[in-house]
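Novice: I'm passing along input01.cif; it holds mmCIF, N, CA and C atoms.
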```cif
data_upload
#
loop_
_atom_site.label_atom_id
_atom_site.label_comp_id
_atom_site.auth_asym_id
_atom_site.auth_seq_id
_atom_site.Cartn_x
_atom_site.Cartn_y
_atom_site.Cartn_z
N MET A 1 85.65 103.22 175.81
CA MET A 1 85.13 104.54 175.51
C MET A 1 84.62 104.57 174.08
N SER A 2 83.54 105.30 173.85
CA SER A 2 82.96 105.37 172.51
C SER A 2 83.80 106.27 171.61
N THR A 3 83.67 106.03 170.31
CA THR A 3 84.46 106.78 169.32
C THR A 3 83.56 107.23 168.18
N PHE A 4 84.13 108.08 167.34
CA PHE A 4 83.51 108.46 166.07
C PHE A 4 84.61 108.45 165.03
N THR A 5 84.24 108.44 163.77
CA THR A 5 85.22 108.43 162.69
C THR A 5 85.62 109.85 162.34
N LEU A 6 86.92 110.11 162.37
CA LEU A 6 87.46 111.40 161.96
C LEU A 6 88.13 111.22 160.61
N GLU A 7 87.69 112.01 159.65
CA GLU A 7 88.32 112.01 158.33
C GLU A 7 88.86 113.41 158.06
N LEU A 8 90.10 113.46 157.64
CA LEU A 8 90.76 114.72 157.32
C LEU A 8 91.17 114.66 155.85
N VAL A 9 90.60 115.56 155.07
CA VAL A 9 90.81 115.55 153.62
C VAL A 9 91.41 116.87 153.19
N SER A 10 92.49 116.79 152.41
CA SER A 10 93.08 117.99 151.81
C SER A 10 92.72 117.95 150.32
N PRO A 11 93.00 119.01 149.57
CA PRO A 11 92.70 118.97 148.13
C PRO A 11 93.41 117.82 147.41
N GLU A 12 94.54 117.38 147.95
CA GLU A 12 95.32 116.34 147.27
C GLU A 12 94.87 114.92 147.60
N LYS A 13 94.48 114.67 148.89
CA LYS A 13 94.22 113.29 149.27
C LYS A 13 93.53 113.19 150.63
N LEU A 14 93.10 111.98 150.95
CA LEU A 14 92.59 111.66 152.27
C LEU A 14 93.79 111.46 153.19
N LEU A 15 93.91 112.29 154.22
CA LEU A 15 95.08 112.25 155.10
C LEU A 15 94.89 111.36 156.32
N LEU A 16 93.66 111.27 156.79
CA LEU A 16 93.42 110.53 158.02
C LEU A 16 91.98 110.03 157.98
N SER A 17 91.77 108.79 158.40
CA SER A 17 90.42 108.24 158.53
C SER A 17 90.49 107.11 159.54
N ARG A 18 90.04 107.42 160.77
CA ARG A 18 90.07 106.39 161.81
C ARG A 18 89.18 106.79 162.98
N PRO A 19 88.86 105.82 163.83
CA PRO A 19 88.05 106.13 165.00
C PRO A 19 88.88 106.89 166.04
N VAL A 20 88.30 107.93 166.61
CA VAL A 20 88.95 108.72 167.66
C VAL A 20 87.95 108.98 168.77
N GLU A 21 88.46 109.33 169.95
CA GLU A 21 87.60 109.65 171.09
C GLU A 21 87.11 111.09 171.05
N MET A 22 87.99 111.97 170.60
CA MET A 22 87.67 113.41 170.61
C MET A 22 88.55 114.12 169.59
N ALA A 23 88.02 115.20 169.06
CA ALA A 23 88.80 116.08 168.20
C ALA A 23 88.49 117.52 168.61
N ILE A 24 89.51 118.34 168.60
CA ILE A 24 89.34 119.77 168.85
C ILE A 24 89.70 120.47 167.55
N ILE A 25 88.76 121.26 167.04
CA ILE A 25 88.98 121.92 165.75
C ILE A 25 88.93 123.44 165.92
N PRO A 26 89.64 124.17 165.05
CA PRO A 26 89.63 125.64 165.12
C PRO A 26 88.46 126.22 164.32
N ALA A 27 87.26 126.13 164.86
CA ALA A 27 86.08 126.68 164.19
C ALA A 27 86.16 128.20 164.16
N ALA A 28 85.48 128.80 163.21
CA ALA A 28 85.49 130.26 163.08
C ALA A 28 84.96 130.94 164.34
N GLU A 29 84.07 130.26 165.07
CA GLU A 29 83.50 130.82 166.29
C GLU A 29 84.39 130.60 167.51
N GLY A 30 85.45 129.83 167.35
CA GLY A 30 86.36 129.50 168.45
C GLY A 30 86.65 128.01 168.45
N GLU A 31 87.57 127.58 169.30
CA GLU A 31 87.89 126.15 169.35
C GLU A 31 86.66 125.36 169.74
N MET A 32 86.52 124.20 169.12
CA MET A 32 85.33 123.39 169.32
C MET A 32 85.74 121.95 169.59
N GLY A 33 85.34 121.43 170.74
CA GLY A 33 85.60 120.04 171.08
C GLY A 33 84.47 119.17 170.59
N ILE A 34 84.81 118.08 169.92
CA ILE A 34 83.79 117.20 169.37
C ILE A 34 83.95 115.81 169.99
N LEU A 35 82.85 115.29 170.50
CA LEU A 35 82.78 113.96 171.08
C LEU A 35 81.76 113.14 170.31
N PRO A 36 81.76 111.81 170.47
CA PRO A 36 80.74 110.99 169.81
C PRO A 36 79.34 111.47 170.18
N GLY A 37 78.42 111.44 169.22
CA GLY A 37 77.06 111.86 169.46
C GLY A 37 76.82 113.35 169.32
N HIS A 38 77.82 114.09 168.83
CA HIS A 38 77.69 115.54 168.67
C HIS A 38 76.53 115.88 167.74
N SER A 39 75.91 117.00 167.97
CA SER A 39 74.83 117.46 167.09
C SER A 39 75.36 117.73 165.69
N PRO A 40 74.57 117.42 164.67
CA PRO A 40 75.01 117.66 163.30
C PRO A 40 75.14 119.15 163.01
N MET A 41 76.19 119.50 162.29
CA MET A 41 76.40 120.89 161.86
C MET A 41 77.54 120.95 160.86
N ILE A 42 77.61 122.07 160.19
CA ILE A 42 78.73 122.37 159.30
C ILE A 42 79.32 123.67 159.80
N VAL A 43 80.65 123.69 160.00
CA VAL A 43 81.31 124.89 160.51
C VAL A 43 82.49 125.26 159.62
N ALA A 44 82.74 126.55 159.54
CA ALA A 44 83.93 127.06 158.84
C ALA A 44 85.11 126.95 159.80
N LEU A 45 86.28 126.66 159.25
CA LEU A 45 87.50 126.58 160.05
C LEU A 45 88.38 127.79 159.77
N THR A 46 89.08 128.22 160.80
CA THR A 46 90.09 129.26 160.64
C THR A 46 91.46 128.58 160.71
N GLY A 47 92.51 129.33 160.46
CA GLY A 47 93.85 128.78 160.63
C GLY A 47 94.05 128.40 162.09
N GLY A 48 94.50 127.19 162.32
CA GLY A 48 94.70 126.73 163.70
C GLY A 48 95.02 125.25 163.76
N VAL A 49 95.01 124.72 164.96
CA VAL A 49 95.44 123.35 165.21
C VAL A 49 94.25 122.44 165.46
N ILE A 50 94.25 121.30 164.78
CA ILE A 50 93.30 120.22 165.07
C ILE A 50 94.04 119.26 165.99
N THR A 51 93.44 118.99 167.14
CA THR A 51 94.03 118.05 168.10
C THR A 51 93.18 116.78 168.10
N VAL A 52 93.86 115.64 167.95
CA VAL A 52 93.19 114.34 167.92
C VAL A 52 93.49 113.63 169.24
N ARG A 53 92.43 113.11 169.87
CA ARG A 53 92.58 112.42 171.15
C ARG A 53 92.15 110.96 170.98
N GLU A 54 93.07 110.05 171.38
CA GLU A 54 92.80 108.62 171.33
C GLU A 54 93.34 107.98 172.61
N ASN A 55 92.62 107.01 173.14
CA ASN A 55 93.05 106.30 174.35
C ASN A 55 93.42 107.24 175.48
N GLY A 56 92.67 108.33 175.62
CA GLY A 56 92.89 109.26 176.71
C GLY A 56 94.08 110.19 176.55
N LYS A 57 94.73 110.20 175.37
CA LYS A 57 95.90 111.05 175.14
C LYS A 57 95.77 111.79 173.82
N ASP A 58 96.38 112.98 173.75
CA ASP A 58 96.46 113.69 172.48
C ASP A 58 97.49 112.95 171.64
N THR A 59 97.06 112.44 170.48
CA THR A 59 97.95 111.64 169.64
C THR A 59 98.47 112.38 168.43
N GLU A 60 97.74 113.39 167.97
CA GLU A 60 98.19 114.16 166.81
C GLU A 60 97.76 115.60 166.94
N LYS A 61 98.60 116.48 166.41
CA LYS A 61 98.27 117.90 166.29
C LYS A 61 98.62 118.29 164.86
N LEU A 62 97.62 118.81 164.17
CA LEU A 62 97.77 119.15 162.76
C LEU A 62 97.34 120.59 162.54
N PHE A 63 98.18 121.37 161.86
CA PHE A 63 97.85 122.75 161.56
C PHE A 63 97.09 122.81 160.25
N VAL A 64 95.95 123.51 160.26
CA VAL A 64 95.17 123.73 159.03
C VAL A 64 95.11 125.22 158.74
N MET A 65 95.14 125.57 157.48
CA MET A 65 95.07 126.98 157.08
C MET A 65 93.64 127.48 156.98
N GLY A 66 92.69 126.59 157.05
CA GLY A 66 91.27 126.95 156.94
C GLY A 66 90.53 125.80 156.30
N GLY A 67 89.23 125.97 156.10
CA GLY A 67 88.42 124.95 155.46
C GLY A 67 87.06 124.86 156.11
N PHE A 68 86.49 123.65 156.10
CA PHE A 68 85.17 123.40 156.66
C PHE A 68 85.17 122.05 157.36
N ALA A 69 84.25 121.87 158.29
CA ALA A 69 84.06 120.58 158.94
C ALA A 69 82.58 120.25 158.92
N GLU A 70 82.27 119.02 158.52
CA GLU A 70 80.91 118.51 158.59
C GLU A 70 80.87 117.55 159.76
N ILE A 71 79.98 117.81 160.70
CA ILE A 71 79.91 117.03 161.93
C ILE A 71 78.57 116.31 161.98
N THR A 72 78.62 115.00 162.25
CA THR A 72 77.43 114.19 162.49
C THR A 72 77.67 113.45 163.80
N PRO A 73 76.67 112.79 164.34
CA PRO A 73 76.89 112.08 165.61
C PRO A 73 77.96 110.99 165.54
N SER A 74 78.20 110.42 164.34
CA SER A 74 79.16 109.32 164.25
C SER A 74 80.38 109.61 163.37
N ARG A 75 80.45 110.81 162.79
CA ARG A 75 81.56 111.11 161.87
C ARG A 75 81.83 112.60 161.84
N VAL A 76 83.11 112.95 161.71
CA VAL A 76 83.53 114.33 161.45
C VAL A 76 84.42 114.29 160.22
N THR A 77 84.02 115.05 159.21
CA THR A 77 84.83 115.15 158.00
C THR A 77 85.35 116.57 157.91
N VAL A 78 86.67 116.70 157.93
CA VAL A 78 87.31 118.01 157.82
C VAL A 78 87.84 118.15 156.40
N LEU A 79 87.39 119.19 155.72
CA LEU A 79 87.89 119.53 154.39
C LEU A 79 88.81 120.73 154.57
N ALA A 80 90.10 120.48 154.57
CA ALA A 80 91.08 121.52 154.89
C ALA A 80 91.77 122.03 153.64
N ASP A 81 92.00 123.34 153.61
CA ASP A 81 92.72 123.96 152.50
C ASP A 81 94.15 123.43 152.41
N GLU A 82 94.76 123.30 153.56
CA GLU A 82 96.17 122.87 153.65
C GLU A 82 96.38 122.30 155.04
N VAL A 83 97.10 121.19 155.14
CA VAL A 83 97.34 120.53 156.42
C VAL A 83 98.83 120.26 156.59
N THR A 84 99.36 120.58 157.79
CA THR A 84 100.76 120.33 158.12
C THR A 84 100.83 119.83 159.56
N PRO A 85 101.51 118.70 159.80
CA PRO A 85 101.71 118.30 161.20
C PRO A 85 102.40 119.44 161.95
N VAL A 86 101.97 119.71 163.18
CA VAL A 86 102.53 120.83 163.95
C VAL A 86 104.05 120.70 164.08
N ALA A 87 104.56 119.50 164.23
CA ALA A 87 106.00 119.30 164.37
C ALA A 87 106.77 119.76 163.12
N GLU A 88 106.08 119.86 161.98
CA GLU A 88 106.73 120.26 160.74
C GLU A 88 106.49 121.73 160.37
N VAL A 89 105.78 122.47 161.22
CA VAL A 89 105.52 123.88 160.93
C VAL A 89 106.81 124.66 161.17
N SER A 90 107.25 125.35 160.14
CA SER A 90 108.52 126.07 160.17
C SER A 90 108.30 127.57 160.44
N LYS A 91 109.17 128.14 161.27
CA LYS A 91 109.10 129.58 161.54
C LYS A 91 109.36 130.38 160.26
N ALA A 92 110.32 129.92 159.47
CA ALA A 92 110.66 130.62 158.23
C ALA A 92 109.48 130.60 157.25
N THR A 93 108.84 129.46 157.12
CA THR A 93 107.68 129.36 156.24
C THR A 93 106.56 130.26 156.74
N ALA A 94 106.33 130.28 158.03
CA ALA A 94 105.29 131.12 158.61
C ALA A 94 105.58 132.60 158.33
N GLN A 95 106.81 133.02 158.49
CA GLN A 95 107.16 134.43 158.23
C GLN A 95 106.97 134.78 156.76
N THR A 96 107.31 133.85 155.87
CA THR A 96 107.09 134.07 154.44
C THR A 96 105.61 134.20 154.15
N ARG A 97 104.80 133.33 154.75
CA ARG A 97 103.36 133.38 154.56
C ARG A 97 102.77 134.70 155.07
N ILE A 98 103.28 135.18 156.20
CA ILE A 98 102.80 136.46 156.74
C ILE A 98 103.11 137.59 155.77
N ALA A 99 104.33 137.63 155.26
CA ALA A 99 104.71 138.69 154.32
C ALA A 99 103.84 138.65 153.07
N GLU A 100 103.62 137.45 152.54
CA GLU A 100 102.78 137.31 151.34
C GLU A 100 101.34 137.73 151.63
N ALA A 101 100.82 137.33 152.78
CA ALA A 101 99.44 137.65 153.14
C ALA A 101 99.27 139.15 153.39
N GLU A 102 100.26 139.78 154.01
CA GLU A 102 100.19 141.23 154.23
C GLU A 102 100.18 141.97 152.90
N ALA A 103 101.02 141.52 151.97
CA ALA A 103 101.06 142.15 150.65
C ALA A 103 99.71 141.98 149.94
N ALA A 104 99.13 140.79 150.03
CA ALA A 104 97.83 140.54 149.39
C ALA A 104 96.74 141.39 150.04
N TYR A 105 96.80 141.52 151.35
CA TYR A 105 95.80 142.33 152.05
C TYR A 105 95.92 143.81 151.64
N ASN A 106 97.15 144.31 151.60
CA ASN A 106 97.36 145.71 151.19
C ASN A 106 96.91 145.93 149.75
N ALA A 107 97.14 144.95 148.89
CA ALA A 107 96.72 145.05 147.49
C ALA A 107 95.20 145.02 147.37
N ALA A 108 94.53 144.41 148.32
CA ALA A 108 93.07 144.29 148.27
C ALA A 108 92.37 145.49 148.91
N ALA A 109 93.11 146.50 149.31
CA ALA A 109 92.53 147.65 150.02
C ALA A 109 91.39 148.31 149.24
N GLN A 110 91.49 148.35 147.95
CA GLN A 110 90.46 148.99 147.13
C GLN A 110 89.49 147.99 146.50
N GLU A 111 89.60 146.74 146.88
CA GLU A 111 88.73 145.69 146.33
C GLU A 111 87.40 145.64 147.07
N VAL A 112 86.53 144.78 146.60
CA VAL A 112 85.24 144.58 147.26
C VAL A 112 85.47 143.95 148.63
N PRO A 113 84.55 144.16 149.57
CA PRO A 113 84.74 143.65 150.93
C PRO A 113 85.04 142.15 151.00
N ALA A 114 84.44 141.34 150.15
CA ALA A 114 84.67 139.89 150.20
C ALA A 114 86.14 139.56 149.94
N LYS A 115 86.76 140.27 149.02
CA LYS A 115 88.19 140.02 148.72
C LYS A 115 89.07 140.48 149.88
N ARG A 116 88.71 141.61 150.49
CA ARG A 116 89.48 142.09 151.65
C ARG A 116 89.36 141.10 152.80
N GLU A 117 88.15 140.59 153.03
CA GLU A 117 87.94 139.63 154.11
C GLU A 117 88.72 138.34 153.87
N ALA A 118 88.72 137.86 152.63
CA ALA A 118 89.48 136.65 152.31
C ALA A 118 90.98 136.88 152.53
N ALA A 119 91.46 138.06 152.14
CA ALA A 119 92.88 138.38 152.35
C ALA A 119 93.19 138.47 153.84
N MET A 120 92.28 139.03 154.63
CA MET A 120 92.48 139.12 156.08
C MET A 120 92.46 137.72 156.70
N ASP A 121 91.59 136.84 156.24
CA ASP A 121 91.56 135.47 156.74
C ASP A 121 92.90 134.77 156.51
N ARG A 122 93.48 134.96 155.32
CA ARG A 122 94.80 134.36 155.03
C ARG A 122 95.88 134.94 155.93
N LEU A 123 95.80 136.25 156.18
CA LEU A 123 96.78 136.89 157.06
C LEU A 123 96.66 136.35 158.49
N LEU A 124 95.45 136.24 158.98
CA LEU A 124 95.26 135.71 160.34
C LEU A 124 95.72 134.26 160.45
N ALA A 125 95.46 133.46 159.42
CA ALA A 125 95.92 132.07 159.42
C ALA A 125 97.45 132.01 159.43
N ALA A 126 98.10 132.88 158.65
CA ALA A 126 99.56 132.90 158.62
C ALA A 126 100.13 133.32 159.98
N ARG A 127 99.48 134.28 160.62
CA ARG A 127 99.93 134.69 161.96
C ARG A 127 99.77 133.56 162.97
N LYS A 128 98.67 132.83 162.86
CA LYS A 128 98.45 131.68 163.74
C LYS A 128 99.52 130.61 163.49
N MET A 129 99.89 130.43 162.23
CA MET A 129 100.95 129.48 161.88
C MET A 129 102.25 129.88 162.56
N ALA A 130 102.55 131.18 162.58
CA ALA A 130 103.76 131.66 163.24
C ALA A 130 103.71 131.38 164.75
N GLU A 131 102.55 131.57 165.36
CA GLU A 131 102.40 131.27 166.80
C GLU A 131 102.66 129.80 167.07
N VAL A 132 102.10 128.94 166.22
CA VAL A 132 102.28 127.49 166.39
C VAL A 132 103.75 127.12 166.20
N ALA A 133 104.42 127.75 165.24
CA ALA A 133 105.84 127.48 164.99
C ALA A 133 106.68 127.88 166.19
N GLN A 134 106.35 129.00 166.83
CA GLN A 134 107.09 129.45 168.00
C GLN A 134 106.94 128.48 169.16
N ALA A 135 105.73 127.91 169.29
CA ALA A 135 105.45 127.00 170.40
C ALA A 135 106.01 125.60 170.16
N ALA A 136 106.19 125.23 168.90
CA ALA A 136 106.63 123.86 168.58
C ALA A 136 108.10 123.64 168.89
#
```
What do you get writing this file as structure tokens?

Specialist:
Amino acid sequence: MSTFTLELVSPEKLLLSRPVEMAIIPAAEGEMGILPGHSPMIVALTGGVITVRENGKDTEKLFVMGGFAEITPSRVTVLADEVTPVAEVSKATAQTRIAEAEAAYNAAAQEVPAKREAAMDRLLAARKMAEVAQAA
């Protein structure tokens, strides 16, 4: 089966770089499955799970808090704000993140729309983290 190179980069380091058969990413428009030969594009990511498929099986699930993905026919580079293996996502951490994000959103009530939207994005990502923690 054909593959493409998946690179996952956080602000701290390169976390993953290897050939994979498929990746499913949490694009802002909805989950997006990527196969070799995909059309080039750049997409925004929301909080959610990146699923890596190799040898016909899901081999990794990684939670991202947001970021961007650059897609070419032979490579996908994910620039993630924060990455955590799904198995390590904690319910307690998720609840703390939700409380912090709610406070930030409430504080941004009188701010410009861009700040309110950014605060809402963080809140939605934290809620998604809680969902993933419940399922893990």

Novice: Using the chain letters and numbers from this file, what does the PyMOL selection byres ((chain A and resi 46) around 6) select? Give the answer as a PyMOL selection string.

Specialist: chain A and resi 26-28+44-45+47-48+64-67+125

Novice: Closest to A:Ser90 among A:Ala109, A:Ala69, A:Val132, A:Ala104, using only C-alpha atoms?

Specialist: A:Val132

Novice: Care to translate the PyMOL selection byres ((chain A and resi 8) around 6.5) into actual residues of this file, as a list in words?

Specialist: Leu6, Glu7, Val9, Ser10, Lys13, Leu14, Leu15, Leu16, Ser17, Val76, Thr77, Val78, Leu79 and Ala80 of chain A

Novice: Taking all atoms listed in the file into account, name the residue in A:Arg18, A:Lys128, A:Arg75, A:Arg122 that is nearest to A:Val49.

Specialist: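 So, comparing all the options, the nearest one is A:Lys128.
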
Novice: So which bits of stretch 88-133 of chain A end up alpha helix (DSSP H) when you DSSP the backbone, as a ChimeraX atom specification?

Specialist: /A:91-107,113-133

Novice: How many Å separate atom N of A:Glu82 from atom CA of A:Ser2?

Specialist: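 Computing the Euclidean distance for atom N of A:Glu82 and atom CA of A:Ser2 yields 28.6 Å.
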
Novice: Tell me, in Å to one decimal, how far atom CA of A:Glu54 is from atom CA of A:Ala130.

Specialist: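 Going from atom CA of A:Glu54 over to atom CA of A:Ala130, I get 26.8 Å.
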
Novice: Taking all atoms of stretch 89-95 of chain A that appear in the file, build a box with edges along x, y and z, extend it by 8 Å on every side, and state its centre and edge lengths in Å to one decimal, as lines of an AutoDock Vina configuration file.

Specialist:
```
center_x = 108.0
center_y = 128.6
center_z = 158.9
size_x = 21.4
size_y = 28.3
size_z = 21.3
```

Novice: Applied to this file, what does the PyMOL selection byres ((chain A and resi 61) around 7) return in terms of residues, put as a compact mmCIF listing (two decimals) with N, CA and C atoms, in the coordinates of the input?

Specialist:
```txt
# COMPACT_ATOMS: atom_id res chain seq x y z
N VAL A 49 95.01 124.72 164.96
CA VAL A 49 95.44 123.35 165.21
C VAL A 49 94.25 122.44 165.46
N ILE A 50 94.25 121.30 164.78
CA ILE A 50 93.30 120.22 165.07
C ILE A 50 94.04 119.26 165.99
N THR A 51 93.44 118.99 167.14
CA THR A 51 94.03 118.05 168.10
C THR A 51 93.18 116.78 168.10
N VAL A 52 93.86 115.64 167.95
CA VAL A 52 93.19 114.34 167.92
C VAL A 52 93.49 113.63 169.24
N ASP A 58 96.38 112.98 173.75
CA ASP A 58 96.46 113.69 172.48
C ASP A 58 97.49 112.95 171.64
N THR A 59 97.06 112.44 170.48
CA THR A 59 97.95 111.64 169.64
C THR A 59 98.47 112.38 168.43
N GLU A 60 97.74 113.39 167.97
CA GLU A 60 98.19 114.16 166.81
C GLU A 60 97.76 115.60 166.94
N LEU A 62 97.62 118.81 164.17
CA LEU A 62 97.77 119.15 162.76
C LEU A 62 97.34 120.59 162.54
N PHE A 63 98.18 121.37 161.86
CA PHE A 63 97.85 122.75 161.56
C PHE A 63 97.09 122.81 160.25
N THR A 84 99.36 120.58 157.79
CA THR A 84 100.76 120.33 158.12
C THR A 84 100.83 119.83 159.56
N PRO A 85 101.51 118.70 159.80
CA PRO A 85 101.71 118.30 161.20
C PRO A 85 102.40 119.44 161.95
N VAL A 86 101.97 119.71 163.18
CA VAL A 86 102.53 120.83 163.95
C VAL A 86 104.05 120.70 164.08
N ALA A 87 104.56 119.50 164.23
CA ALA A 87 106.00 119.30 164.37
C ALA A 87 106.77 119.76 163.12
```

Novice: Considering all atoms listed in the file, state which residue in the set A:Ala103, A:Val83, A:Ala135, A:Ile71 is at the smallest distance from A:His38.

Specialist: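 Among the listed residues, the smallest separation from A:His38 belongs to A:Ile71.
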
Novice: Return the single residue from A:Ile25, A:Ala118, A:Ser39, A:Gln134 that is closest to A:Ser74, with distances computed using only C-alpha atoms.

Specialist: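 Closest residue, counting only C-alpha atoms: A:Ser39.
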
Novice: What does the distance between atom CA of A:Glu70 and atom CA of A:Arg53 come to in Å, to one decimal place?

Specialist: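 Computing the Euclidean distance for atom CA of A:Glu70 and atom CA of A:Arg53 yields 18.2 Å.
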
Novice: If I only want stretch 66-88 of chain A, can you write it with N, CA and C atoms, as an mmCIF file, in the first residue's frame?

Specialist:
```cif
data_model
loop_
_atom_site.group_PDB
_atom_site.id
_atom_site.type_symbol
_atom_site.label_atom_id
_atom_site.label_comp_id
_atom_site.auth_asym_id
_atom_site.auth_seq_id
_atom_site.Cartn_x
_atom_site.Cartn_y
_atom_site.Cartn_z
ATOM 1 N N GLY A 66 -5.186 22.311 18.951
ATOM 2 C CA GLY A 66 -5.411 23.193 17.807
ATOM 3 C C GLY A 66 -4.129 23.310 17.015
ATOM 4 N N GLY A 67 -4.155 24.103 15.960
ATOM 5 C CA GLY A 67 -2.970 24.309 15.142
ATOM 6 C C GLY A 67 -3.334 24.381 13.675
ATOM 7 N N PHE A 68 -2.400 23.951 12.825
ATOM 8 C CA PHE A 68 -2.581 23.968 11.381
ATOM 9 C C PHE A 68 -1.985 22.709 10.778
ATOM 10 N N ALA A 69 -2.448 22.351 9.599
ATOM 11 C CA ALA A 69 -1.867 21.234 8.856
ATOM 12 C C ALA A 69 -1.625 21.695 7.424
ATOM 13 N N GLU A 70 -0.420 21.405 6.932
ATOM 14 C CA GLU A 70 -0.094 21.644 5.535
ATOM 15 C C GLU A 70 -0.098 20.290 4.849
ATOM 16 N N ILE A 71 -0.912 20.159 3.818
ATOM 17 C CA ILE A 71 -1.096 18.881 3.141
ATOM 18 C C ILE A 71 -0.582 19.009 1.712
ATOM 19 N N THR A 72 0.259 18.048 1.307
ATOM 20 C CA THR A 72 0.708 17.930 -0.076
ATOM 21 C C THR A 72 0.452 16.483 -0.490
ATOM 22 N N PRO A 73 0.601 16.155 -1.757
ATOM 23 C CA PRO A 73 0.351 14.767 -2.163
ATOM 24 C C PRO A 73 1.254 13.732 -1.475
ATOM 25 N N SER A 74 2.452 14.150 -1.034
ATOM 26 C CA SER A 74 3.379 13.181 -0.447
ATOM 27 C C SER A 74 3.733 13.442 1.018
ATOM 28 N N ARG A 75 3.178 14.504 1.611
ATOM 29 C CA ARG A 75 3.542 14.848 2.990
ATOM 30 C C ARG A 75 2.412 15.604 3.665
ATOM 31 N N VAL A 76 2.249 15.345 4.965
ATOM 32 C CA VAL A 76 1.353 16.137 5.808
ATOM 33 C C VAL A 76 2.176 16.600 6.995
ATOM 34 N N THR A 77 2.223 17.909 7.179
ATOM 35 C CA THR A 77 2.928 18.474 8.322
ATOM 36 C C THR A 77 1.895 19.124 9.227
ATOM 37 N N VAL A 78 1.802 18.627 10.444
ATOM 38 C CA VAL A 78 0.873 19.169 11.432
ATOM 39 C C VAL A 78 1.671 20.021 12.407
ATOM 40 N N LEU A 79 1.294 21.289 12.513
ATOM 41 C CA LEU A 79 1.887 22.201 13.480
ATOM 42 C C LEU A 79 0.863 22.371 14.590
ATOM 43 N N ALA A 80 1.071 21.677 15.687
ATOM 44 C CA ALA A 80 0.079 21.628 16.764
ATOM 45 C C ALA A 80 0.490 22.504 17.939
ATOM 46 N N ASP A 81 -0.502 23.171 18.524
ATOM 47 C CA ASP A 81 -0.257 23.998 19.701
ATOM 48 C C ASP A 81 0.223 23.149 20.873
ATOM 49 N N GLU A 82 -0.396 22.006 21.025
ATOM 50 C CA GLU A 82 -0.100 21.103 22.146
ATOM 51 C C GLU A 82 -0.538 19.702 21.731
ATOM 52 N N VAL A 83 0.266 18.700 22.038
ATOM 53 C CA VAL A 83 -0.031 17.317 21.659
ATOM 54 C C VAL A 83 0.088 16.411 22.877
ATOM 55 N N THR A 84 -0.917 15.527 23.060
ATOM 56 C CA THR A 84 -0.915 14.554 24.148
ATOM 57 C C THR A 84 -1.434 13.230 23.610
ATOM 58 N N PRO A 85 -0.711 12.127 23.831
ATOM 59 C CA PRO A 85 -1.285 10.830 23.450
ATOM 60 C C PRO A 85 -2.633 10.650 24.159
ATOM 61 N N VAL A 86 -3.628 10.133 23.446
ATOM 62 C CA VAL A 86 -4.971 9.986 24.018
ATOM 63 C C VAL A 86 -4.933 9.178 25.322
ATOM 64 N N ALA A 87 -4.094 8.167 25.396
ATOM 65 C CA ALA A 87 -4.004 7.342 26.602
ATOM 66 C C ALA A 87 -3.559 8.154 27.821
ATOM 67 N N GLU A 88 -2.925 9.304 27.592
ATOM 68 C CA GLU A 88 -2.433 10.131 28.696
ATOM 69 C C GLU A 88 -3.331 11.330 29.004
#
```
